[in-house]
Structure formats: C-alpha cells, structure tokens
$ cat upload03.cif   # mmCIF, N, CA and C atoms
data_start
#
loop_
_atom_site.label_atom_id
_atom_site.label_comp_id
_atom_site.auth_asym_id
_atom_site.auth_seq_id
_atom_site.Cartn_x
_atom_site.Cartn_y
_atom_site.Cartn_z
N GLN W 1 6.87 9.80 17.56
CA GLN W 1 5.88 8.73 17.45
C GLN W 1 5.69 8.36 15.98
N VAL W 2 5.86 7.09 15.67
CA VAL W 2 5.72 6.61 14.31
C VAL W 2 4.24 6.54 13.95
N GLN W 3 3.91 7.09 12.78
CA GLN W 3 2.55 6.99 12.28
C GLN W 3 2.56 6.71 10.79
N LEU W 4 1.67 5.83 10.37
CA LEU W 4 1.36 5.59 8.97
C LEU W 4 -0.15 5.72 8.84
N VAL W 5 -0.60 6.68 8.05
CA VAL W 5 -2.03 6.95 7.95
C VAL W 5 -2.47 6.77 6.50
N GLU W 6 -3.26 5.72 6.26
CA GLU W 6 -3.77 5.45 4.92
C GLU W 6 -5.04 6.25 4.68
N SER W 7 -5.26 6.60 3.43
CA SER W 7 -6.49 7.28 3.02
C SER W 7 -6.76 6.97 1.55
N GLY W 8 -7.97 7.32 1.12
CA GLY W 8 -8.31 7.14 -0.28
C GLY W 8 -9.18 5.94 -0.58
N GLY W 9 -9.46 5.14 0.41
CA GLY W 9 -10.34 3.99 0.19
C GLY W 9 -11.78 4.42 0.02
N GLY W 10 -12.63 3.45 -0.32
CA GLY W 10 -14.04 3.74 -0.50
C GLY W 10 -14.71 2.70 -1.33
N LEU W 11 -15.90 3.05 -1.81
CA LEU W 11 -16.71 2.17 -2.65
C LEU W 11 -16.52 2.57 -4.11
N VAL W 12 -16.22 1.59 -4.94
CA VAL W 12 -16.01 1.85 -6.37
C VAL W 12 -16.65 0.72 -7.16
N GLN W 13 -17.12 1.03 -8.36
CA GLN W 13 -17.71 0.01 -9.21
C GLN W 13 -16.64 -0.82 -9.90
N PRO W 14 -16.96 -2.03 -10.27
CA PRO W 14 -15.99 -2.85 -11.03
C PRO W 14 -15.53 -2.10 -12.26
N GLY W 15 -14.22 -2.19 -12.51
CA GLY W 15 -13.62 -1.47 -13.62
C GLY W 15 -13.15 -0.07 -13.26
N GLY W 16 -13.50 0.39 -12.07
CA GLY W 16 -13.12 1.72 -11.64
C GLY W 16 -11.71 1.79 -11.09
N SER W 17 -11.35 2.98 -10.62
CA SER W 17 -10.01 3.25 -10.11
C SER W 17 -10.08 3.95 -8.76
N LEU W 18 -9.04 3.73 -7.98
CA LEU W 18 -8.83 4.45 -6.73
C LEU W 18 -7.34 4.70 -6.56
N ARG W 19 -7.02 5.75 -5.85
CA ARG W 19 -5.64 6.04 -5.49
C ARG W 19 -5.54 6.11 -3.97
N LEU W 20 -4.81 5.19 -3.41
CA LEU W 20 -4.58 5.19 -1.97
C LEU W 20 -3.32 5.98 -1.66
N SER W 21 -3.35 6.65 -0.51
CA SER W 21 -2.18 7.36 -0.02
C SER W 21 -1.85 6.87 1.39
N CYS W 22 -0.58 6.95 1.72
CA CYS W 22 -0.13 6.60 3.07
C CYS W 22 0.87 7.68 3.50
N ALA W 23 0.46 8.47 4.46
CA ALA W 23 1.31 9.55 4.96
C ALA W 23 2.08 9.06 6.17
N ALA W 24 3.40 9.21 6.12
CA ALA W 24 4.28 8.71 7.17
C ALA W 24 4.85 9.85 8.01
N SER W 25 5.08 9.57 9.27
CA SER W 25 5.72 10.53 10.15
C SER W 25 6.40 9.78 11.30
N GLY W 26 7.37 10.44 11.91
CA GLY W 26 8.03 9.86 13.08
C GLY W 26 9.23 8.99 12.78
N PHE W 27 9.60 8.87 11.51
CA PHE W 27 10.79 8.12 11.15
C PHE W 27 11.32 8.66 9.82
N LEU W 28 12.54 8.26 9.47
CA LEU W 28 13.17 8.77 8.26
C LEU W 28 12.64 8.02 7.05
N PHE W 29 11.56 8.53 6.52
CA PHE W 29 10.79 7.85 5.46
C PHE W 29 11.66 7.40 4.28
N SER W 30 12.57 8.26 3.85
CA SER W 30 13.34 7.97 2.64
C SER W 30 14.25 6.75 2.80
N ARG W 31 14.50 6.34 4.02
CA ARG W 31 15.41 5.21 4.26
C ARG W 31 14.67 3.86 4.34
N TYR W 32 13.35 3.90 4.22
CA TYR W 32 12.55 2.70 4.41
C TYR W 32 11.98 2.19 3.09
N ASP W 33 12.00 0.88 2.91
CA ASP W 33 11.21 0.27 1.86
C ASP W 33 9.74 0.38 2.26
N MET W 34 8.90 0.72 1.29
CA MET W 34 7.48 0.89 1.54
C MET W 34 6.68 -0.13 0.74
N SER W 35 5.65 -0.67 1.37
CA SER W 35 4.85 -1.70 0.72
C SER W 35 3.37 -1.48 1.01
N TRP W 36 2.57 -2.10 0.16
CA TRP W 36 1.13 -2.18 0.38
C TRP W 36 0.75 -3.66 0.50
N TYR W 37 -0.15 -3.92 1.44
CA TYR W 37 -0.73 -5.24 1.65
C TYR W 37 -2.25 -5.08 1.70
N ARG W 38 -2.94 -6.19 1.62
CA ARG W 38 -4.38 -6.15 1.83
C ARG W 38 -4.84 -7.41 2.54
N GLN W 39 -5.99 -7.28 3.20
CA GLN W 39 -6.56 -8.40 3.93
C GLN W 39 -8.06 -8.43 3.71
N ALA W 40 -8.51 -9.48 3.07
CA ALA W 40 -9.94 -9.69 2.85
C ALA W 40 -10.52 -10.42 4.06
N PRO W 41 -11.83 -10.30 4.28
CA PRO W 41 -12.46 -10.97 5.44
C PRO W 41 -12.18 -12.46 5.45
N GLY W 42 -11.72 -12.96 6.58
CA GLY W 42 -11.45 -14.38 6.73
C GLY W 42 -10.19 -14.88 6.06
N LYS W 43 -9.38 -13.95 5.55
CA LYS W 43 -8.16 -14.36 4.85
C LYS W 43 -6.93 -13.72 5.49
N GLU W 44 -5.77 -14.21 5.10
CA GLU W 44 -4.52 -13.66 5.61
C GLU W 44 -4.20 -12.34 4.91
N ARG W 45 -3.31 -11.60 5.52
CA ARG W 45 -2.84 -10.36 4.92
C ARG W 45 -1.85 -10.71 3.81
N ASP W 46 -2.09 -10.20 2.62
CA ASP W 46 -1.29 -10.54 1.45
C ASP W 46 -0.49 -9.35 0.94
N PHE W 47 0.72 -9.65 0.51
CA PHE W 47 1.57 -8.64 -0.11
C PHE W 47 1.03 -8.24 -1.48
N LEU W 48 1.11 -6.94 -1.79
CA LEU W 48 0.69 -6.44 -3.10
C LEU W 48 1.83 -5.82 -3.88
N ALA W 49 2.55 -4.89 -3.25
CA ALA W 49 3.55 -4.13 -4.00
C ALA W 49 4.56 -3.54 -3.03
N ARG W 50 5.79 -3.36 -3.54
CA ARG W 50 6.87 -2.77 -2.75
C ARG W 50 7.64 -1.80 -3.61
N ILE W 51 8.11 -0.72 -2.98
CA ILE W 51 9.03 0.22 -3.62
C ILE W 51 10.19 0.43 -2.66
N THR W 52 11.40 0.27 -3.17
CA THR W 52 12.57 0.31 -2.31
C THR W 52 12.98 1.74 -1.97
N SER W 53 13.75 1.83 -0.91
CA SER W 53 14.21 3.14 -0.46
C SER W 53 15.34 3.66 -1.34
N ALA W 54 16.22 2.75 -1.73
CA ALA W 54 17.45 3.18 -2.38
C ALA W 54 17.22 3.59 -3.84
N SER W 55 16.72 2.66 -4.63
CA SER W 55 16.63 2.91 -6.06
C SER W 55 15.21 3.22 -6.52
N GLY W 56 14.23 3.02 -5.62
CA GLY W 56 12.86 3.20 -6.04
C GLY W 56 12.37 2.10 -6.95
N SER W 57 13.08 0.99 -6.97
CA SER W 57 12.62 -0.13 -7.79
C SER W 57 11.36 -0.73 -7.16
N THR W 58 10.55 -1.34 -8.01
CA THR W 58 9.25 -1.85 -7.57
C THR W 58 9.10 -3.33 -7.89
N ASN W 59 8.26 -3.98 -7.12
CA ASN W 59 7.83 -5.32 -7.49
C ASN W 59 6.40 -5.53 -7.01
N TYR W 60 5.69 -6.44 -7.69
CA TYR W 60 4.26 -6.61 -7.48
C TYR W 60 3.89 -8.08 -7.37
N GLU W 61 2.82 -8.31 -6.63
CA GLU W 61 2.20 -9.63 -6.62
C GLU W 61 1.52 -9.84 -7.96
N GLY W 62 1.48 -11.09 -8.39
CA GLY W 62 1.06 -11.37 -9.76
C GLY W 62 -0.32 -10.89 -10.14
N SER W 63 -1.29 -10.99 -9.24
CA SER W 63 -2.67 -10.68 -9.62
C SER W 63 -2.92 -9.18 -9.79
N VAL W 64 -2.03 -8.35 -9.30
CA VAL W 64 -2.22 -6.90 -9.42
C VAL W 64 -1.23 -6.27 -10.40
N LYS W 65 -0.27 -7.04 -10.85
CA LYS W 65 0.74 -6.50 -11.77
C LYS W 65 0.04 -6.05 -13.05
N GLY W 66 0.33 -4.83 -13.47
CA GLY W 66 -0.30 -4.26 -14.65
C GLY W 66 -1.56 -3.47 -14.34
N ARG W 67 -2.14 -3.68 -13.16
CA ARG W 67 -3.33 -2.92 -12.76
C ARG W 67 -3.01 -1.91 -11.66
N PHE W 68 -2.10 -2.27 -10.75
CA PHE W 68 -1.74 -1.41 -9.63
C PHE W 68 -0.34 -0.84 -9.84
N THR W 69 -0.14 0.39 -9.38
CA THR W 69 1.17 1.03 -9.46
C THR W 69 1.50 1.67 -8.13
N ILE W 70 2.65 1.31 -7.59
CA ILE W 70 3.12 1.91 -6.35
C ILE W 70 4.12 3.00 -6.68
N SER W 71 4.07 4.09 -5.92
CA SER W 71 5.01 5.19 -6.10
C SER W 71 5.22 5.86 -4.75
N ARG W 72 6.26 6.69 -4.69
CA ARG W 72 6.53 7.39 -3.44
C ARG W 72 7.01 8.79 -3.72
N ASP W 73 6.74 9.68 -2.78
CA ASP W 73 7.24 11.05 -2.84
C ASP W 73 7.97 11.29 -1.53
N ASN W 74 9.28 11.24 -1.58
CA ASN W 74 10.06 11.40 -0.35
C ASN W 74 10.00 12.82 0.19
N THR W 75 9.61 13.78 -0.64
CA THR W 75 9.49 15.15 -0.15
C THR W 75 8.22 15.33 0.68
N LYS W 76 7.26 14.44 0.45
CA LYS W 76 5.99 14.51 1.19
C LYS W 76 5.84 13.37 2.17
N ASN W 77 6.85 12.51 2.26
CA ASN W 77 6.77 11.34 3.15
C ASN W 77 5.51 10.54 2.90
N THR W 78 5.23 10.29 1.64
CA THR W 78 3.98 9.63 1.27
C THR W 78 4.25 8.56 0.22
N VAL W 79 3.55 7.45 0.37
CA VAL W 79 3.57 6.39 -0.63
C VAL W 79 2.14 6.25 -1.17
N TYR W 80 2.05 5.92 -2.43
CA TYR W 80 0.76 5.84 -3.12
C TYR W 80 0.57 4.45 -3.72
N LEU W 81 -0.71 4.12 -3.91
CA LEU W 81 -1.05 2.94 -4.68
C LEU W 81 -2.18 3.31 -5.63
N GLN W 82 -1.84 3.42 -6.90
CA GLN W 82 -2.84 3.66 -7.93
C GLN W 82 -3.43 2.32 -8.34
N MET W 83 -4.73 2.19 -8.23
CA MET W 83 -5.40 0.93 -8.54
C MET W 83 -6.38 1.14 -9.68
N ASN W 84 -6.18 0.45 -10.77
CA ASN W 84 -7.04 0.56 -11.95
C ASN W 84 -7.71 -0.78 -12.22
N ASP W 85 -8.79 -0.69 -12.99
CA ASP W 85 -9.50 -1.90 -13.41
C ASP W 85 -9.84 -2.79 -12.21
N LEU W 86 -10.41 -2.17 -11.21
CA LEU W 86 -10.70 -2.89 -9.98
C LEU W 86 -11.78 -3.94 -10.17
N GLU W 87 -11.62 -5.02 -9.41
CA GLU W 87 -12.52 -6.17 -9.49
C GLU W 87 -13.12 -6.42 -8.10
N PRO W 88 -14.27 -7.09 -8.04
CA PRO W 88 -14.84 -7.40 -6.71
C PRO W 88 -13.85 -8.14 -5.81
N GLU W 89 -12.98 -8.94 -6.41
CA GLU W 89 -11.99 -9.69 -5.63
C GLU W 89 -10.94 -8.79 -4.98
N ASP W 90 -10.90 -7.54 -5.38
CA ASP W 90 -9.97 -6.59 -4.76
C ASP W 90 -10.52 -6.00 -3.47
N THR W 91 -11.76 -6.32 -3.12
CA THR W 91 -12.36 -5.83 -1.89
C THR W 91 -11.58 -6.34 -0.69
N ALA W 92 -11.12 -5.40 0.15
CA ALA W 92 -10.29 -5.75 1.30
C ALA W 92 -9.96 -4.48 2.08
N VAL W 93 -9.33 -4.67 3.22
CA VAL W 93 -8.69 -3.56 3.92
C VAL W 93 -7.25 -3.49 3.43
N TYR W 94 -6.83 -2.31 3.02
CA TYR W 94 -5.50 -2.10 2.46
C TYR W 94 -4.61 -1.43 3.50
N TYR W 95 -3.42 -2.01 3.67
CA TYR W 95 -2.48 -1.55 4.69
C TYR W 95 -1.17 -1.09 4.07
N CYS W 96 -0.63 -0.07 4.65
CA CYS W 96 0.68 0.45 4.30
C CYS W 96 1.70 -0.12 5.28
N ASN W 97 2.90 -0.43 4.78
CA ASN W 97 3.97 -0.97 5.61
C ASN W 97 5.29 -0.25 5.32
N ALA W 98 6.01 0.04 6.38
CA ALA W 98 7.36 0.60 6.26
C ALA W 98 8.34 -0.36 6.91
N ARG W 99 9.40 -0.67 6.19
CA ARG W 99 10.34 -1.67 6.71
C ARG W 99 11.78 -1.26 6.48
N ARG W 100 12.54 -1.34 7.54
CA ARG W 100 13.99 -1.24 7.47
C ARG W 100 14.48 -2.16 8.57
N ILE W 101 14.84 -3.36 8.17
CA ILE W 101 15.13 -4.44 9.11
C ILE W 101 16.07 -3.94 10.21
N PRO W 102 15.74 -4.17 11.50
CA PRO W 102 14.64 -4.99 12.01
C PRO W 102 13.34 -4.23 12.28
N LEU W 103 13.27 -2.98 11.84
CA LEU W 103 12.09 -2.15 12.14
C LEU W 103 11.00 -2.40 11.10
N ASP W 104 9.76 -2.39 11.58
CA ASP W 104 8.62 -2.77 10.75
C ASP W 104 7.39 -2.06 11.29
N TYR W 105 6.80 -1.16 10.48
CA TYR W 105 5.67 -0.37 10.94
C TYR W 105 4.47 -0.60 10.03
N TRP W 106 3.27 -0.52 10.64
CA TRP W 106 2.02 -0.72 9.89
C TRP W 106 1.06 0.43 10.15
N GLY W 107 0.26 0.74 9.13
CA GLY W 107 -0.84 1.66 9.31
C GLY W 107 -2.08 0.93 9.80
N GLN W 108 -3.16 1.69 9.96
CA GLN W 108 -4.39 1.13 10.50
C GLN W 108 -5.31 0.55 9.42
N GLY W 109 -5.00 0.86 8.17
CA GLY W 109 -5.75 0.31 7.06
C GLY W 109 -6.85 1.22 6.55
N THR W 110 -7.20 1.02 5.29
CA THR W 110 -8.31 1.73 4.68
C THR W 110 -9.13 0.73 3.87
N GLN W 111 -10.44 0.81 3.99
CA GLN W 111 -11.33 -0.15 3.35
C GLN W 111 -11.53 0.20 1.88
N VAL W 112 -11.39 -0.79 1.03
CA VAL W 112 -11.72 -0.67 -0.39
C VAL W 112 -12.80 -1.72 -0.70
N THR W 113 -13.91 -1.25 -1.24
CA THR W 113 -15.01 -2.13 -1.61
C THR W 113 -15.32 -1.94 -3.08
N VAL W 114 -15.25 -3.03 -3.82
CA VAL W 114 -15.54 -2.99 -5.25
C VAL W 114 -16.85 -3.73 -5.48
N SER W 115 -17.87 -2.97 -5.85
CA SER W 115 -19.20 -3.56 -5.99
C SER W 115 -20.07 -2.68 -6.87
N SER W 116 -20.97 -3.32 -7.61
CA SER W 116 -21.92 -2.56 -8.40
C SER W 116 -23.21 -2.33 -7.62
#
$ encode --input "upload03.cif" --output "structure tokens"
Amino acid sequence: QVQLVESGGGLVQPGGSLRLSCAASGFLFSRYDMSWYRQAPGKERDFLARITSASGSTNYEGSVKGRFTISRDNTKNTVYLQMNDLEPEDTAVYYCNARRIPLDYWGQGTQVTVSS
C-alpha cells in the first residue's frame, strides 16, 4: 500500500522557519521524483519544489527560491522541505508528491500557518 505521510507543519511567526517531512512507503522511493506543493484556501494547488530521483537535482517556484530547500534521504525514504523566512502568504496546506510517469502519488497534507 502506497503511503506518503507529511509532518512538521504548524503555527509559526513571520520570519520563522519550519521543516516539513514526508515519509514514503509502499513503492521504490529512490526511483521517484519527489515534489512539494501547497494549496491556500480558495486557490489551486501550486508547485513549490522538486528533487529528481536520478541526480538529485532541484528546481523551485520563483516565490520560494532562496527561502525553501528541498532534500531527500533515500535511506530513510523521506523528502524534506526546509522553509525559512516564512511570510503570511506562505499559509497553506502543504502536500508531498511522488511521480514516476505514469504513476503519481499524493500525501494527505500538513497545515502551515504563518501569523503573529
């Protein structure tokens, strides 16, 4: 059974940091590109960051580049998202995604709220 379980969300003040984790099971994690997305209330789910399976290369959406860092540990079947200098606009549910075309898996999401 495929599972992606996000954790690490919560309430943080503007300028603060959080580290999200996504623990994977039920598939060969090292063969999948891993990504983070987020969805704010009333908005579409937006891409944030991706790390590839093969080379571990990364790419980011423009508004988080330089503030967020995606990484993976294939020995732990886990992908991370380090988020620094958080802003109220970063408030959303954050989702982990695993993709190896045509397969595409999603986690249940973790809430991040940035507020003073």
$ closest_residue --input "upload03.cif" --among "W:Gly8, W:Asn77, W:Ala98, W:Phe47" --to "Tyr60 in chain W" --atoms "all atoms listed in the file"
W:Phe47
$ atom_distance --input "upload03.cif" --atom1 "atom C of Arg50 in chain W" --atom2 "CA of Thr113 in chain W"
22.7 Å
$ resolve_selection --input "upload03.cif" --expression "the PyMOL selection byres ((chain W and resi 86) around 8)" --output "PyMOL selection string"
chain W and resi 12-18+67+83-85+87-91+114-115
$ closest_residue --input "upload03.cif" --among "W:Ser53, W:Thr58, W:Ser25, W:Asn74" --to "Trp106 in chain W" --atoms "only C-alpha atoms"
W:Ser25
$ atom_distance --input "upload03.cif" --atom1 "CA of Thr69 in chain W" --atom2 "CA of Met34 in chain W"
12.7 Å
$ resolve_selection --input "upload03.cif" --expression "the PyMOL selection byres (((chain W and resi 51 and name CA) around 8) and name CA)" --output "PyMOL selection string"
chain W and resi 33-35+49-50+52-53+56-59+70-72
$ atom_distance --input "upload03.cif" --atom1 "CA of Glu61 in chain W" --atom2 "CA of Val2 in chain W"
26.7 Å
$ closest_residue --input "upload03.cif" --among "W:Ser63, W:Gln108, W:Ser116, W:Gln39" --to "Val93 in chain W" --atoms "all atoms listed in the file"
W:Gln39
$ select_by_dssp --input "upload03.cif" --residues "chain W" --states "helix (DSSP H, G or I)" --output "list in words"
Phe29, Ser30, Arg31, Pro88, Glu89 and Asp90 of chain W
$ select_by_dssp --input "upload03.cif" --residues "range 1-61 of chain W" --states "strand (DSSP E or B)" --output "ChimeraX atom specification"
/W:3-7,10-12,18-25,33-39,45-51,58-60
$ closest_residue --input "upload03.cif" --among "W:Val64, W:Cys22, W:Val112, W:Lys43" --to "Asn97 in chain W" --atoms "only N, CA and C atoms"
W:Cys22
$ closest_residue --input "upload03.cif" --among "W:Trp36, W:Gln82, W:Arg19, W:Gln1" --to "Tyr95 in chain W" --atoms "all atoms listed in the file"
W:Trp36
$ closest_residue --input "upload03.cif" --among "W:Ala54, W:Leu4, W:Val79, W:Ala40" --to "Ala92 in chain W" --atoms "all atoms listed in the file"
W:Ala40
$ build_atoms --input "upload03.cif" --residues "range 28-45 of chain W" --atoms "N, CA, C and O atoms" --output "compact mmCIF listing (two decimals), keeping the file's coordinate frame"
# COMPACT_ATOMS: atom_id res chain seq x y z
N LEU W 28 12.54 8.26 9.47
CA LEU W 28 13.17 8.77 8.26
C LEU W 28 12.64 8.02 7.05
O LEU W 28 13.21 7.01 6.60
N PHE W 29 11.56 8.53 6.52
CA PHE W 29 10.79 7.85 5.46
C PHE W 29 11.66 7.40 4.28
O PHE W 29 11.51 6.28 3.78
N SER W 30 12.57 8.26 3.85
CA SER W 30 13.34 7.97 2.64
C SER W 30 14.25 6.75 2.80
O SER W 30 14.70 6.19 1.79
N ARG W 31 14.50 6.34 4.02
CA ARG W 31 15.41 5.21 4.26
C ARG W 31 14.67 3.86 4.34
O ARG W 31 15.32 2.83 4.52
N TYR W 32 13.35 3.90 4.22
CA TYR W 32 12.55 2.70 4.41
C TYR W 32 11.98 2.19 3.09
O TYR W 32 11.51 2.99 2.26
N ASP W 33 12.00 0.88 2.91
CA ASP W 33 11.21 0.27 1.86
C ASP W 33 9.74 0.38 2.26
O ASP W 33 9.38 0.15 3.41
N MET W 34 8.90 0.72 1.29
CA MET W 34 7.48 0.89 1.54
C MET W 34 6.68 -0.13 0.74
O MET W 34 7.01 -0.39 -0.43
N SER W 35 5.65 -0.67 1.37
CA SER W 35 4.85 -1.70 0.72
C SER W 35 3.37 -1.48 1.01
O SER W 35 3.00 -0.80 1.97
N TRP W 36 2.57 -2.10 0.16
CA TRP W 36 1.13 -2.18 0.38
C TRP W 36 0.75 -3.66 0.50
O TRP W 36 1.24 -4.50 -0.26
N TYR W 37 -0.15 -3.92 1.44
CA TYR W 37 -0.73 -5.24 1.65
C TYR W 37 -2.25 -5.08 1.70
O TYR W 37 -2.75 -3.97 1.83
N ARG W 38 -2.94 -6.19 1.62
CA ARG W 38 -4.38 -6.15 1.83
C ARG W 38 -4.84 -7.41 2.54
O ARG W 38 -4.18 -8.46 2.48
N GLN W 39 -5.99 -7.28 3.20
CA GLN W 39 -6.56 -8.40 3.93
C GLN W 39 -8.06 -8.43 3.71
O GLN W 39 -8.77 -7.49 4.10
N ALA W 40 -8.51 -9.48 3.07
CA ALA W 40 -9.94 -9.69 2.85
C ALA W 40 -10.52 -10.42 4.06
O ALA W 40 -9.80 -11.10 4.79
N PRO W 41 -11.83 -10.30 4.28
CA PRO W 41 -12.46 -10.97 5.44
C PRO W 41 -12.18 -12.46 5.45
O PRO W 41 -12.35 -13.15 4.43
N GLY W 42 -11.72 -12.96 6.58
CA GLY W 42 -11.45 -14.38 6.73
C GLY W 42 -10.19 -14.88 6.06
O GLY W 42 -9.95 -16.08 6.03
N LYS W 43 -9.38 -13.95 5.55
CA LYS W 43 -8.16 -14.36 4.85
C LYS W 43 -6.93 -13.72 5.49
O LYS W 43 -7.04 -12.80 6.31
N GLU W 44 -5.77 -14.21 5.10
CA GLU W 44 -4.52 -13.66 5.61
C GLU W 44 -4.20 -12.34 4.91
O GLU W 44 -4.71 -12.06 3.83
N ARG W 45 -3.31 -11.60 5.52
CA ARG W 45 -2.84 -10.36 4.92
C ARG W 45 -1.85 -10.71 3.81
O ARG W 45 -0.88 -11.43 4.05
